[in-house]
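Undergrad: Below are the structure tokens for one structure; questions will follow.
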Amino acid sequence: MGSSVDAFWAQLKAQTAPSAQKALHAASNGLTKSPITSTSLPTAAAPVKKNADATKSDPSNTIDVVPADQLQQRLNKLVEAFKDPNHVARRKALHEVKTLLFNSDTSDLRYTEKEFSAVDETSLGKALLRRFDDQSQACRELAVSTFGQLLKALPGSILALLPYAVPVLEERVAWQQSGAKTPMESSEEARLSLTHVIGALVAGGGKALGAYLEEVAAMCGVLLEDPYHEVCEAVCGVIVSLDAALGMRLAPHAKQLIASLLPLTTHKRHRVRAAAVG
């Protein structure tokens, strides 16, 4: 019995061995003929580069240009949002007004004067002036900068806005206490924008500014002592424009302005010194 089993097993091995050897040989040939290369290995996904063009075309980054005949209606809704108790909503509305009206790269008005003629810029200006004392610093900065851009883009609106702008500016361009030199406006950027607003009023108001000369001269005196060097530099230019616009009418205030200017001639920053003597 044992010998018959051994004979059967030997016969089975003899029949299957060649096919097994062929399979092993084919497998080994396949491995040697198909070496592993870097292309046959799985690779990590390449990082996706952010396409600048795609970012620019992103709807969230584009400005929804409103047709001129619908602009006043849109502005009315945004101005109404200026009164929202939530400062985030107010800031969003202020930002939308700024981006709606002005080109972010050049600060130019997006609409022609003819297209903008249907807009009540005086009402818009007054609404922006009301936000000059907003509790939110971001809202104040947006309101002041947008108002300044409005004056520069539409100098024809200056005479109508002067009676409203000067009292508001007087409140913001002042010291918190008469004996202390702490600005009423805590934001440096807002104070710089306030200076630019006064400059725009002087440049566009011309001789009509004579009615507000005392107030404007007092504000210039405050700004000349401002701790922020860019404000000091900017207000020197405002005084030059004021002198050009009013000439001898400025004489009653010249002594006080010169007294405030003199310390800037020894300022630690060269640009401020140059502006003070220029």
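Order determines the names: the first chain of the structure tokens is A, the second B, and so forth; residues in each chain are numbered 1 upward, and ligands are numbered 1 upward as they are shown.
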Show me, as a list in words, the residues that have an atom within 12 Å of Ala138 of chain A when counting only C-alpha atoms, minus same-chain residues fewer than 2 positions from it.

TA: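 That gives His87, Val88, Ala89, Arg90, Arg91, Lys92, Ala93, Leu94, His95, Arg131, Phe132, Asp133, Asp134, Gln135, Ser136, Arg140, Glu141, Leu142, Ala143, Val144, Ser145, Ser186, Ser187, Glu188, Glu189 and Ala190 of chain A.
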
Undergrad: If we count only C-alpha atoms and set the cut-off at 10 Å, which residues sit around segment 63-78 of chain A, ignoring sequence neighbours fewer than 4 positions away in its own chain? Please answer as a list in words.

TA: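 With the cut-off at 10 Å, the set is Pro59, Phe82, Lys83, Ala89, Arg90, Lys92, Ala93, Leu94, His95, Glu96, Val97, Thr99, Leu100, Leu101, Asn103, Arg110, Tyr111, Thr112, Lys114, Glu115, Phe116, Ser117, Ala118, Val119, Asp120, Glu121, Ser123 and Leu124 of chain A.
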
Undergrad: Please write the residues from the selection above to a file, keeping N, CA, C and O atoms, as a compact mmCIF listing (two decimals), in the first residue's frame.

TA:
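File produced: result.txt:
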```
# COMPACT_ATOMS: atom_id res chain seq x y z
N PRO A 59 -16.53 85.75 -8.53
CA PRO A 59 -17.64 86.68 -8.35
C PRO A 59 -17.58 87.45 -7.04
O PRO A 59 -18.05 88.58 -6.94
N PHE A 82 -26.64 102.53 7.11
CA PHE A 82 -25.69 103.24 7.98
C PHE A 82 -26.22 103.35 9.41
O PHE A 82 -25.45 103.50 10.35
N LYS A 83 -27.54 103.28 9.57
CA LYS A 83 -28.16 103.44 10.88
C LYS A 83 -28.30 102.12 11.63
O LYS A 83 -28.80 102.10 12.76
N ALA A 89 -22.78 95.52 10.04
CA ALA A 89 -23.70 95.89 8.96
C ALA A 89 -23.40 97.31 8.47
O ALA A 89 -23.45 97.58 7.26
N ARG A 90 -23.09 98.22 9.40
CA ARG A 90 -22.75 99.59 9.00
C ARG A 90 -21.47 99.62 8.18
O ARG A 90 -21.38 100.31 7.16
N LYS A 92 -20.21 97.19 6.43
CA LYS A 92 -20.45 96.57 5.13
C LYS A 92 -21.12 97.56 4.18
O LYS A 92 -20.76 97.65 3.00
N ALA A 93 -22.08 98.32 4.68
CA ALA A 93 -22.78 99.29 3.84
C ALA A 93 -21.83 100.41 3.39
O ALA A 93 -21.85 100.84 2.23
N LEU A 94 -21.00 100.89 4.31
CA LEU A 94 -20.04 101.94 3.97
C LEU A 94 -19.04 101.45 2.93
O LEU A 94 -18.69 102.16 1.99
N HIS A 95 -18.58 100.22 3.13
CA HIS A 95 -17.63 99.65 2.17
C HIS A 95 -18.27 99.49 0.79
O HIS A 95 -17.63 99.75 -0.23
N GLU A 96 -19.53 99.08 0.77
CA GLU A 96 -20.20 98.89 -0.51
C GLU A 96 -20.41 100.21 -1.23
O GLU A 96 -20.27 100.29 -2.46
N VAL A 97 -20.71 101.27 -0.49
CA VAL A 97 -20.84 102.59 -1.12
C VAL A 97 -19.51 103.00 -1.75
O VAL A 97 -19.47 103.49 -2.88
N THR A 99 -16.93 101.08 -2.76
CA THR A 99 -16.57 100.26 -3.92
C THR A 99 -17.55 100.45 -5.07
O THR A 99 -17.19 100.28 -6.24
N LEU A 100 -18.79 100.82 -4.75
CA LEU A 100 -19.78 101.05 -5.79
C LEU A 100 -19.47 102.33 -6.57
O LEU A 100 -19.63 102.37 -7.80
N LEU A 101 -18.99 103.34 -5.89
CA LEU A 101 -18.79 104.64 -6.52
C LEU A 101 -17.39 104.86 -7.08
O LEU A 101 -17.22 105.57 -8.08
N ASN A 103 -13.33 103.63 -8.16
CA ASN A 103 -12.40 102.60 -8.62
C ASN A 103 -11.34 102.39 -7.54
O ASN A 103 -10.71 103.34 -7.08
N ARG A 110 -16.61 105.91 -10.70
CA ARG A 110 -16.94 104.91 -11.72
C ARG A 110 -17.95 105.43 -12.73
O ARG A 110 -18.13 104.84 -13.79
N TYR A 111 -18.60 106.53 -12.40
CA TYR A 111 -19.65 107.06 -13.27
C TYR A 111 -19.22 108.44 -13.79
O TYR A 111 -18.47 109.16 -13.13
N THR A 112 -19.71 108.79 -14.96
CA THR A 112 -19.45 110.13 -15.48
C THR A 112 -20.28 111.13 -14.68
O THR A 112 -21.25 110.76 -14.00
N LYS A 114 -22.31 113.20 -15.83
CA LYS A 114 -23.66 113.18 -16.36
C LYS A 114 -24.46 112.04 -15.76
O LYS A 114 -25.64 112.21 -15.39
N GLU A 115 -23.85 110.85 -15.67
CA GLU A 115 -24.54 109.70 -15.09
C GLU A 115 -24.81 109.93 -13.60
O GLU A 115 -25.84 109.50 -13.07
N PHE A 116 -23.89 110.63 -12.94
CA PHE A 116 -24.02 110.83 -11.50
C PHE A 116 -24.93 112.00 -11.16
O PHE A 116 -25.26 112.23 -10.00
N SER A 117 -25.34 112.74 -12.18
CA SER A 117 -26.14 113.94 -11.94
C SER A 117 -27.49 113.63 -11.29
O SER A 117 -28.08 114.47 -10.62
N ALA A 118 -27.98 112.41 -11.50
CA ALA A 118 -29.27 112.03 -10.91
C ALA A 118 -29.15 111.69 -9.42
O ALA A 118 -30.16 111.52 -8.74
N VAL A 119 -27.90 111.60 -8.93
CA VAL A 119 -27.68 111.25 -7.52
C VAL A 119 -27.65 112.51 -6.67
O VAL A 119 -27.05 113.52 -7.05
N ASP A 120 -28.29 112.46 -5.53
CA ASP A 120 -28.28 113.57 -4.58
C ASP A 120 -27.01 113.46 -3.74
O ASP A 120 -27.02 112.86 -2.66
N GLU A 121 -25.90 114.04 -4.26
CA GLU A 121 -24.62 113.89 -3.55
C GLU A 121 -24.61 114.63 -2.21
O GLU A 121 -23.86 114.26 -1.30
N SER A 123 -27.14 114.76 -0.01
CA SER A 123 -27.72 113.83 0.97
C SER A 123 -26.75 112.72 1.30
O SER A 123 -26.61 112.31 2.47
N LEU A 124 -26.03 112.22 0.29
CA LEU A 124 -25.04 111.18 0.52
C LEU A 124 -23.92 111.71 1.40
O LEU A 124 -23.48 111.04 2.34
```

Undergrad: Using only C-alpha atoms, can you tell me which of A:Met184, A:Leu224, A:Ala275, A:Val202 comes closest to Ala245 of chain A?

TA: A:Val202

Undergrad: So which residues touch His270 of chain A within 12 Å, counting only C-alpha atoms, skipping near sequence neighbours fewer than 5 positions away, as an mmCIF file with N, CA and C atoms, in the first residue's frame?

TA:
```
data_model
loop_
_atom_site.group_PDB
_atom_site.id
_atom_site.type_symbol
_atom_site.label_atom_id
_atom_site.label_comp_id
_atom_site.auth_asym_id
_atom_site.auth_seq_id
_atom_site.Cartn_x
_atom_site.Cartn_y
_atom_site.Cartn_z
ATOM 1 N N HIS A 229 3.093 111.828 12.226
ATOM 2 C CA HIS A 229 3.918 112.652 11.338
ATOM 3 C C HIS A 229 3.288 112.878 9.971
ATOM 4 N N GLU A 230 2.528 111.913 9.463
ATOM 5 C CA GLU A 230 1.920 112.092 8.147
ATOM 6 C C GLU A 230 0.833 113.165 8.174
ATOM 7 N N CYS A 232 0.974 115.839 10.145
ATOM 8 C CA CYS A 232 1.740 117.095 10.164
ATOM 9 C C CYS A 232 2.208 117.474 8.760
ATOM 10 N N GLU A 233 2.675 116.487 8.036
ATOM 11 C CA GLU A 233 3.143 116.752 6.673
ATOM 12 C C GLU A 233 1.986 117.190 5.774
ATOM 13 N N LEU A 264 7.822 122.291 13.753
ATOM 14 C CA LEU A 264 7.973 121.248 12.735
ATOM 15 C C LEU A 264 9.249 121.419 11.906
ATOM 16 N N THR A 265 9.846 122.601 11.954
ATOM 17 C CA THR A 265 11.088 122.810 11.189
ATOM 18 C C THR A 265 12.254 122.042 11.793
ATOM 19 N N ALA A 275 8.248 119.941 4.462
ATOM 20 C CA ALA A 275 6.904 120.468 4.269
ATOM 21 C C ALA A 275 6.692 121.739 5.071
ATOM 22 N N ALA A 276 7.292 121.795 6.263
ATOM 23 C CA ALA A 276 7.103 122.963 7.132
ATOM 24 C C ALA A 276 7.779 124.210 6.563
ATOM 25 N N VAL A 277 8.938 124.051 5.948
ATOM 26 C CA VAL A 277 9.653 125.218 5.407
ATOM 27 C C VAL A 277 9.280 125.494 3.963
ATOM 28 N N GLY A 278 8.580 124.552 3.337
ATOM 29 C CA GLY A 278 8.238 124.716 1.931
ATOM 30 C C GLY A 278 7.011 125.534 1.724
#
```

Undergrad: State, in Å with one decimal place, the distance from atom CA of Val238 of chain A to atom CA of Ile198 of chain A.

TA: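 Here the two named atoms are 7.4 Å from each other.
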
Undergrad: Need the shell around Arg249 of chain A: protein/DNA/RNA residues with any atom at most 10 Å away, counting only C-alpha atoms. Skip same-chain ones fewer than 5 positions apart. Format as an MDAnalysis selection string?

TA: chainID A and resid 207 210 213 242:243 254

Undergrad: Name all residues at most 10 Å from Asp226 of chain A (count only C-alpha atoms; drop same-chain ones fewer than 2 positions away) and give them as a list in words.

TA: Val173, Ala174, Trp175, Lys181, Thr182, Pro183, Glu188, Arg191, Leu192, Cys220, Gly221, Val222, Leu223, Leu224, Tyr228, His229, Glu230, Val231, Cys232, Glu233 and Val235 of chain A

Undergrad: Give me every helix (DSSP H, G or I) residue in segment 94-208 of chain A, going by DSSP on the backbone, as a PyMOL selection string.

TA: chain A and resi 94-101+113-116+121-133+137-153+155-172+188-208

Undergrad: Compare A:Ser260, A:Asn86, A:Gly179, A:Thr266 by their minimum atom-to-atom distance to Cys139 of chain A, counting only C-alpha atoms, and give me the closest one.

TA: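 Of A:Ser260, A:Asn86, A:Gly179, A:Thr266, the one nearest Cys139 of chain A is A:Asn86, counting only C-alpha atoms.
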